[in-house]
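Engineer: For reference, the structure I am asking about is given below.
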Number of protein chains: 2
Amino acid sequence: MAADLPDQALELRSLVTSQGTLELSLHDVPVPSPAANEVLVRVEASPVNPSDLGLLIAGADMSAATVAGTPEHPVVTAPIPDGALAGLSTRIDTPLPVGNEAAGTVVAAGSSPTAQALLGNTVAIAGGAMYTQYRAVDASACLVLPDGATAKDGASSFVNPLTALGMLETMRKEGHCALVHTAAASNLGQMLVKLCIADEVPLVNIVRKAEQDTLLRSLGAVHVCNSSAPSFSADLAKALTATSATIGFDATGGGTLASQILSGMEQAASATATAYSRYGSAVHKQVYIYGGLDSGPTVLTRNYGMAWGVGGWLLTPFLQSIGAERFAALRARVAAELTTTFASTYTREVSLAGLLQPDSFHAYVKRATGEKFLVTPSQPVP
Amino acid sequence: MAADLPDQALELRSLVTSQGTLELSLHDVPVPSPAANEVLVRVEASPVNPSDLGLLIAGADMSAATVAGTPEHPVVTAPIPDGALAGLSTRIDTPLPVGNEAAGTVVAAGSSPTAQALLGNTVAIAGGAMYTQYRAVDASACLVLPDGATAKDGASSFVNPLTALGMLETMRKEGHCALVHTAAASNLGQMLVKLCIADEVPLVNIVRKAEQDTLLRSLGAVHVCNSSAPSFSADLAKALTATSATIGFDATGGGTLASQILSGMEQAASATATAYSRYGSAVHKQVYIYGGLDSGPTVLTRNYGMAWGVGGWLLTPFLQSIGAERFAALRARVAAELTTTFASTYTREVSLAGLLQPDSFHAYVKRATGEKFLVTPSQPVP
């Protein structure tokens with residue numbers, strides 16, 4: 001261990017008790033020693049993604065949360081509704097680390113040449129347990145950031161960029177040539193707009209507010225439909241006809257939006273039909289649900305024939321499906337376009353302790369598009 | 001044309017008018033002359049399948065239907081609700097023939113040897129416009145029934161048998177090893193029970209009534225779950241655990257049944273889990289909707305992780321996807337097992353005119369499991 005490293009560091013843990021209580025706290029954990037092919041990363045920046053919140057919050061009612069403990073070691077307690085507790089049985093009474101991805105400086109390295117070569121580099125890492133001050137990871141899992149890129153630049157270089165790239169990969173693999181995206185003003189959505197412009201893929205963006213429409217058009221988006229507008233159905237059908245998009249990725253999950261997209265695709269596919277087809281168009285229409293901003297049920301009206309599908313889409317199995325070589329190519333593209341196509345913006349920066357303060361968690365549990373937290377575990381508390 | 005054939009014959013037509021009215025009537029049409037490679041089939045038996053009703057009824061409110069015309073040429077008129085009319089624009093003012101499949105005797109043949117060889121045979125045919133007295137079809141489309149099989153035996157030899165076989169083909173192609181079927185006491189469901197026993201494929205049957213449970217068990221079904229029973233969720237989870245079924249075919253479409261099946265599959269997949277997985281099991285769970293006995297929306301609760309899919313399944317594109325050779329093999333199996341595995345039963349036999357009488361259409365529009373009509377176009381009217 002390098003002489004200037006502490007023995008102990010802070011790590012955030014999320015605990016679900018058998019009494020139905022969520023407890024968020026900071027644990028003092030030993031700073032790990034890297035194995036031969038591992039490096040030790042001082043975690044400097046880690047985003048709060050919607051995909052972190054399930055593990056962190058566990059369905060608890062954060063509006064009823066209370067904070068105790070000390071400023072350095074706050075302890076948040078919140079009740080978990082009975083319905084949510086049923087699906088959590090395998091995590092009860094085990095404090096779980098949280099945080100999908102991060103970036104930081106390699107401050108120690110194992111004996112292998114690959115690990116040693118990373119010393120002093122700023123790297124992006126993924127794999128969970130990132131809401132901590134020091135994280136040991138396999139050297140091969142590090143993405144070295146390009147010269148001049150900061151940890152903040154690289155903090156969100158895994159989940160959102162690879163999800164955006166994964167959507168395009170899935171689109172091509174399944175034989176579609178244009179796509180639809182909901183919650184399109186998110187950091188991910190903005191990346192997708194830039195990516196689709198670069199790759200010349202027609203994209204239909206669905207947003208909920210007029211200012212999000214303006215934002216996306218300022219990035220070059222051509223098709224933006226505001227689901228709050230009275231003309232939404234007609235706008236969507238028009239954009240789908242113009243793009244021939246037959247695959248969509250939906251971050252909301254609940255409600256009728258996925259079904260509305262399928263209806264619009266069917267309208268577009270049938271626009272040129274001259275003969276009656278009782279089973280609808282033969283064009284396969286697909287919506288993948290990759291998030292759950294609306295946790296209510298998905299409601300499908302099925303007024304789009306028989307050639308349709310709805311299903312879950314998840315990054316990790318997708319990446320496993322494409323093979324190591326293609327995965328490496330996608331990550332290399334992320335690194336090359338880190339501060340352009342794949343740039344993220346944050347509205348708040350907080351320490352680990354700051355993440356457990358009411359004015360933080362009342363904000364990030366809203367999953368509001370356009371609001372994004374960055375955790376900076378290495379900054380002084382709080 | 002053979003000397004004993006009439007010049008004219010009756011054909012049922014379904015007309016949607018621009019005023020939003022359904023009109024069902026019998027047209028006098030010329031008896032067709034077969035082309036070189038065609039045969040002329042005297043249609044003796046044709047089933048009323050749920051898949052015929054969309055084209056026949058067009059969403060009209062049959063409880064408000066009135067019958068005019070003569071006993072030989074009844075005319076049924078019924079109002080179509082505004083919501084249903086929107087999807088019917090391409091069929092307005094065009095009287096459409098109806099009837100997916102049938103069987104009968106080859107009474108005339110074109111000049112080709114293939115066509116001539118079929119003269120006098122009892123054959124099964126498919127392809128629409130079967131609610132007629134004489135139908136010309138390509139000789140290659142005829143399935144010659146085995147010795148001793150009647151037209152009634154062969155009337156339902158296409159839609160239901162190939163759908164049952166298609167479910168098993170789809171199951172295998174997508175890597176599943178057991179399946180779930182809803183509305184399982186239907187003619188199709190009974191075939192599937194016998195087919196799965198023959199092929200040693202574990203099958204979970206979902207029915208709605210206790211007597212349907214008894215019926216399927218009498219055929220040898222092992223897993224039958226009654227969705228009306230208070231213990232349904234537990235029964236389903238138990239059957240899914242016992243069979244490891246991860247694909248289902250749902251004839252109901254609307255409501256929560258597809259979602260309940262996915263939940264049960266997830267419970268079965270998670271039963272052996274020891275560690276918490278925030279995204280649910282990695283086992284892909286699939287439900288295909290192939291019918292719409294419940295025309296209401298499909299409601300998905302999404303409490304089954306991210307590895308799931310729901311979609312439409314339709315026989316014709318499936319058959320196109322498997323290629324001519326495999327299709328021929330499946331039809332040959334149907335012929336070989338026509339009066340055993342693929343036997344159908346009917347509760348009512350009616351003429352073409354009889355199909356347009358209130359006591360008929362009030363019954364078959366209910367799509368009641370266990371009730372099935374056979375049309376016998378060649379029998380004297382009414």
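Going by the structure tokens order, chains are called A, B, ..., each with residues numbered from 1, while ligands are numbered from 1 in the order shown.
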Fewer than 4 positions away in the same chain doesn't count, so skip those; otherwise give me all residues within 12 Å of Ala198 in chain A, counting only C-alpha atoms, as a list in words.
Structural biologist: Leu165, Leu168, Met191, Leu192, Val193, Lys194, Pro202, Leu203, Leu219, Gly220, Ala221, Glu337, Thr340, Thr341 and Phe342 of chain A
Engineer: Residues of range 51-190 of chain A in alpha helix (DSSP H) according to DSSP, as a PyMOL selection string?
Structural biologist: chain A and resi 51-57+82-85+113-116+151-154+159-173+187-190
Engineer: Write the residues you've just listed into a file as a JSON list (two decimals), in the first residue's frame, and include N, CA and C atoms for each of them.
Structural biologist:
[["chain", "number", "residue", "atom", "x", "y", "z"],
["A", 51, "SER", "N", -30.79, 3.90, -12.56],
["A", 51, "SER", "CA", -30.54, 2.48, -12.33],
["A", 51, "SER", "C", -29.86, 2.21, -10.99],
["A", 52, "ASP", "N", -29.39, 3.25, -10.30],
["A", 52, "ASP", "CA", -28.84, 3.05, -8.95],
["A", 52, "ASP", "C", -29.93, 3.07, -7.88],
["A", 53, "LEU", "N", -31.04, 3.69, -8.20],
["A", 53, "LEU", "CA", -32.02, 4.00, -7.15],
["A", 53, "LEU", "C", -32.76, 2.77, -6.63],
["A", 54, "GLY", "N", -32.94, 1.77, -7.48],
["A", 54, "GLY", "CA", -33.61, 0.56, -7.01],
["A", 54, "GLY", "C", -32.86, -0.09, -5.87],
["A", 55, "LEU", "N", -31.56, -0.23, -6.07],
["A", 55, "LEU", "CA", -30.72, -0.84, -5.04],
["A", 55, "LEU", "C", -30.60, 0.07, -3.82],
["A", 56, "LEU", "N", -30.45, 1.37, -4.06],
["A", 56, "LEU", "CA", -30.23, 2.34, -2.98],
["A", 56, "LEU", "C", -31.48, 2.49, -2.11],
["A", 57, "ILE", "N", -32.62, 2.70, -2.74],
["A", 57, "ILE", "CA", -33.84, 3.08, -2.02],
["A", 57, "ILE", "C", -34.75, 1.90, -1.72],
["A", 82, "ASP", "N", -45.32, -2.63, 2.64],
["A", 82, "ASP", "CA", -45.41, -4.10, 2.67],
["A", 82, "ASP", "C", -45.26, -4.70, 1.28],
["A", 83, "GLY", "N", -45.90, -4.11, 0.31],
["A", 83, "GLY", "CA", -45.87, -4.65, -1.05],
["A", 83, "GLY", "C", -44.46, -4.73, -1.61],
["A", 84, "ALA", "N", -43.63, -3.74, -1.30],
["A", 84, "ALA", "CA", -42.27, -3.72, -1.83],
["A", 84, "ALA", "C", -41.37, -4.73, -1.13],
["A", 85, "LEU", "N", -41.67, -5.00, 0.15],
["A", 85, "LEU", "CA", -40.79, -5.86, 0.94],
["A", 85, "LEU", "C", -40.76, -7.30, 0.42],
["A", 113, "PRO", "N", 2.24, -6.20, -15.03],
["A", 113, "PRO", "CA", 2.59, -5.05, -15.87],
["A", 113, "PRO", "C", 1.35, -4.25, -16.30],
["A", 114, "THR", "N", 0.26, -4.96, -16.61],
["A", 114, "THR", "CA", -0.97, -4.28, -17.02],
["A", 114, "THR", "C", -1.46, -3.35, -15.92],
["A", 115, "ALA", "N", -1.43, -3.85, -14.70],
["A", 115, "ALA", "CA", -1.89, -3.04, -13.57],
["A", 115, "ALA", "C", -0.92, -1.87, -13.33],
["A", 116, "GLN", "N", 0.36, -2.17, -13.33],
["A", 116, "GLN", "CA", 1.37, -1.13, -13.07],
["A", 116, "GLN", "C", 1.28, 0.01, -14.09],
["A", 151, "ALA", "N", -12.03, 13.20, -13.99],
["A", 151, "ALA", "CA", -12.88, 12.14, -13.43],
["A", 151, "ALA", "C", -14.35, 12.49, -13.62],
["A", 152, "LYS", "N", -14.67, 13.76, -13.47],
["A", 152, "LYS", "CA", -16.07, 14.19, -13.67],
["A", 152, "LYS", "C", -16.51, 13.92, -15.12],
["A", 153, "ASP", "N", -15.59, 14.18, -16.06],
["A", 153, "ASP", "CA", -15.91, 13.88, -17.47],
["A", 153, "ASP", "C", -16.20, 12.40, -17.68],
["A", 154, "GLY", "N", -15.48, 11.56, -16.92],
["A", 154, "GLY", "CA", -15.57, 10.12, -17.16],
["A", 154, "GLY", "C", -16.51, 9.36, -16.25],
["A", 159, "VAL", "N", -22.74, 3.43, -18.10],
["A", 159, "VAL", "CA", -24.17, 3.10, -18.18],
["A", 159, "VAL", "C", -24.86, 3.82, -19.33],
["A", 160, "ASN", "N", -24.81, 5.16, -19.33],
["A", 160, "ASN", "CA", -25.54, 5.89, -20.37],
["A", 160, "ASN", "C", -24.94, 5.73, -21.77],
["A", 161, "PRO", "N", -23.62, 5.91, -21.93],
["A", 161, "PRO", "CA", -23.08, 5.75, -23.30],
["A", 161, "PRO", "C", -23.29, 4.36, -23.87],
["A", 162, "LEU", "N", -23.06, 3.32, -23.06],
["A", 162, "LEU", "CA", -23.22, 1.96, -23.60],
["A", 162, "LEU", "C", -24.69, 1.61, -23.80],
["A", 163, "THR", "N", -25.58, 2.22, -23.01],
["A", 163, "THR", "CA", -27.00, 2.02, -23.25],
["A", 163, "THR", "C", -27.40, 2.65, -24.58],
["A", 164, "ALA", "N", -26.92, 3.88, -24.82],
["A", 164, "ALA", "CA", -27.23, 4.54, -26.10],
["A", 164, "ALA", "C", -26.68, 3.73, -27.27],
["A", 165, "LEU", "N", -25.43, 3.31, -27.15],
["A", 165, "LEU", "CA", -24.84, 2.49, -28.21],
["A", 165, "LEU", "C", -25.58, 1.16, -28.34],
["A", 166, "GLY", "N", -25.98, 0.60, -27.19],
["A", 166, "GLY", "CA", -26.71, -0.67, -27.20],
["A", 166, "GLY", "C", -28.05, -0.57, -27.90],
["A", 167, "MET", "N", -28.70, 0.56, -27.77],
["A", 167, "MET", "CA", -29.97, 0.75, -28.48],
["A", 167, "MET", "C", -29.76, 0.70, -29.99],
["A", 168, "LEU", "N", -28.70, 1.35, -30.44],
["A", 168, "LEU", "CA", -28.42, 1.34, -31.88],
["A", 168, "LEU", "C", -28.00, -0.05, -32.36],
["A", 169, "GLU", "N", -27.19, -0.72, -31.53],
["A", 169, "GLU", "CA", -26.79, -2.09, -31.88],
["A", 169, "GLU", "C", -28.01, -3.00, -31.99],
["A", 170, "THR", "N", -28.91, -2.89, -31.00],
["A", 170, "THR", "CA", -30.12, -3.72, -30.98],
["A", 170, "THR", "C", -30.99, -3.40, -32.19],
["A", 171, "MET", "N", -31.14, -2.12, -32.48],
["A", 171, "MET", "CA", -31.92, -1.69, -33.65],
["A", 171, "MET", "C", -31.39, -2.37, -34.92],
["A", 172, "ARG", "N", -30.08, -2.31, -35.11],
["A", 172, "ARG", "CA", -29.50, -2.89, -36.34],
["A", 172, "ARG", "C", -29.63, -4.40, -36.35],
["A", 173, "LYS", "N", -29.33, -5.02, -35.20],
["A", 173, "LYS", "CA", -29.37, -6.49, -35.12],
["A", 173, "LYS", "C", -30.76, -7.03, -35.43],
["A", 187, "ASN", "N", -29.98, 12.86, -19.75],
["A", 187, "ASN", "CA", -28.58, 12.81, -20.17],
["A", 187, "ASN", "C", -28.40, 11.75, -21.26],
["A", 188, "LEU", "N", -28.99, 10.57, -21.02],
["A", 188, "LEU", "CA", -28.93, 9.49, -22.01],
["A", 188, "LEU", "C", -29.57, 9.92, -23.32],
["A", 189, "GLY", "N", -30.73, 10.57, -23.21],
["A", 189, "GLY", "CA", -31.45, 11.01, -24.40],
["A", 189, "GLY", "C", -30.65, 12.01, -25.22],
["A", 190, "GLN", "N", -29.97, 12.91, -24.53],
["A", 190, "GLN", "CA", -29.14, 13.90, -25.24],
["A", 190, "GLN", "C", -27.98, 13.22, -25.96]]
Engineer: Given the choices B:Ala60, B:Val48, B:Leu262, B:Leu257, which gets closest to Pro81 in chain B if the distance is worked out from only C-alpha atoms?
Structural biologist: B:Ala60
Engineer: Considering only C-alpha atoms, return as a list in words whatever protein or nucleic-acid residues lie within 10 Å of Gly128 in chain B, sequence-local ones (same chain, fewer than 4 positions apart) excluded.
Structural biologist: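 Listed by chain and then number, they are Asp52, Leu96, Pro97, Val98, Gly99, Asn100, Glu101, Ala102 and Arg135 of chain B.
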Engineer: Rounded to one decimal place, report the CA of Pro50 in chain B-CA of Phe249 in chain B distance in Å.
Structural biologist: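 We find that CA of Pro50 in chain B and CA of Phe249 in chain B lie 15.2 Å from each other.
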Engineer: Enumerate as JSON, numbers by chain all residues of range 124-318 of chain A assigned to strand (DSSP E or B) by DSSP on the backbone, naming them with the chain letters and numbers the document uses.
Structural biologist: {"A": [124, 125, 126, 132, 134, 135, 136, 137, 138, 143, 144, 179, 180, 181, 182, 203, 204, 205, 206, 207, 223, 224, 225, 226, 247, 248, 249, 250, 253, 254, 255, 285, 286, 287, 288, 289, 294, 295, 296, 297, 298, 299, 300, 308, 309, 310, 311, 312]}
Engineer: Nearest residue to Ser344 in chain B out of B:Ser112, B:Ser157, B:Thr376, B:Asn226, using only C-alpha atoms?
Structural biologist: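 Nearest to Ser344 in chain B: B:Ser157.
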Engineer: Check the smallest atom-to-atom distance from each of A:Asp93, A:Glu325, A:Asp147, A:Asp235 to chain B using only C-alpha atoms, then report the winner.
Structural biologist: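 That would be A:Asp93, the residue with the smallest distance to chain B.
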Engineer: What gap, in Å, lies between CA of Ser263 in chain B and CA of Asn205 in chain B?
Structural biologist: 16.0 Å
Engineer: I want to know what sits within 6 Å of Pro377 in chain B, based on only C-alpha atoms, with residues of the same chain fewer than 5 positions away left out; could you give that as a list of chain:residue names?
Structural biologist: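 Everything that qualifies: B:Glu44, B:Gln133, B:Ser351, B:Leu352.
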Engineer: Could those selected residues go to a file with N, CA and C atoms, as a short mmCIF file (atom, residue, chain, number, x, y, z; two decimals), in the first residue's frame?
Structural biologist:
data_model
loop_
_atom_site.label_atom_id
_atom_site.label_comp_id
_atom_site.auth_asym_id
_atom_site.auth_seq_id
_atom_site.Cartn_x
_atom_site.Cartn_y
_atom_site.Cartn_z
N GLU B 44 -67.85 -29.01 -48.04
CA GLU B 44 -68.83 -29.77 -47.27
C GLU B 44 -68.80 -29.46 -45.77
N GLN B 133 -70.05 -22.53 -51.51
CA GLN B 133 -70.39 -23.92 -51.86
C GLN B 133 -69.33 -24.60 -52.73
N SER B 351 -76.16 -24.64 -42.00
CA SER B 351 -75.94 -24.28 -43.41
C SER B 351 -75.41 -22.85 -43.47
N LEU B 352 -75.10 -22.38 -44.68
CA LEU B 352 -74.68 -20.99 -44.83
C LEU B 352 -75.77 -20.05 -44.35
#
Engineer: Which residues are close to Ala136 in chain A, i.e. within 8 Å by only C-alpha atoms, leaving aside same-chain residues fewer than 4 positions away? Reply as a count of residues only.
Structural biologist: 7
Engineer: For Ala368 in chain B, work out the shell of residues within 10 Å, counting only C-alpha atoms and skipping chain neighbours fewer than 6 positions away, then give it as a list in words.
Structural biologist: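 My list of contacting residues is Pro50, Ala183, Ser186 and Leu293 of chain B.
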Engineer: I need the chain B residues near chain A as a ChimeraX atom specification; criterion: at most 9 Å, counting only C-alpha atoms.
Structural biologist: /B:54-55,58,87-92,253-254,273-279,282,286,288-290,295-303,305-314,317
Engineer: Could you list, as a PDB file with N, CA and C atoms, in the first residue's frame, every residue within 6 Å of Thr132 in chain B, counting only C-alpha atoms and ignoring same-chain residues fewer than 2 positions away?
Structural biologist:
ATOM      1  N   LEU B  10     -73.849 -20.354 -53.700  1.00  0.00           N
ATOM      2  CA  LEU B  10     -73.961 -19.343 -52.648  1.00  0.00           C
ATOM      3  C   LEU B  10     -72.603 -19.079 -52.005  1.00  0.00           C
ATOM      4  N   GLU B  11     -72.366 -17.805 -51.697  1.00  0.00           N
ATOM      5  CA  GLU B  11     -71.144 -17.446 -50.975  1.00  0.00           C
ATOM      6  C   GLU B  11     -71.493 -16.388 -49.937  1.00  0.00           C
ATOM      7  N   MET B 130     -63.991 -19.631 -47.555  1.00  0.00           N
ATOM      8  CA  MET B 130     -64.475 -21.006 -47.496  1.00  0.00           C
ATOM      9  C   MET B 130     -65.960 -21.114 -47.180  1.00  0.00           C
ATOM     10  N   TYR B 134     -68.675 -23.821 -53.566  1.00  0.00           N
ATOM     11  CA  TYR B 134     -67.613 -24.384 -54.418  1.00  0.00           C
ATOM     12  C   TYR B 134     -66.406 -23.450 -54.378  1.00  0.00           C
TER      13      TYR B 134
END
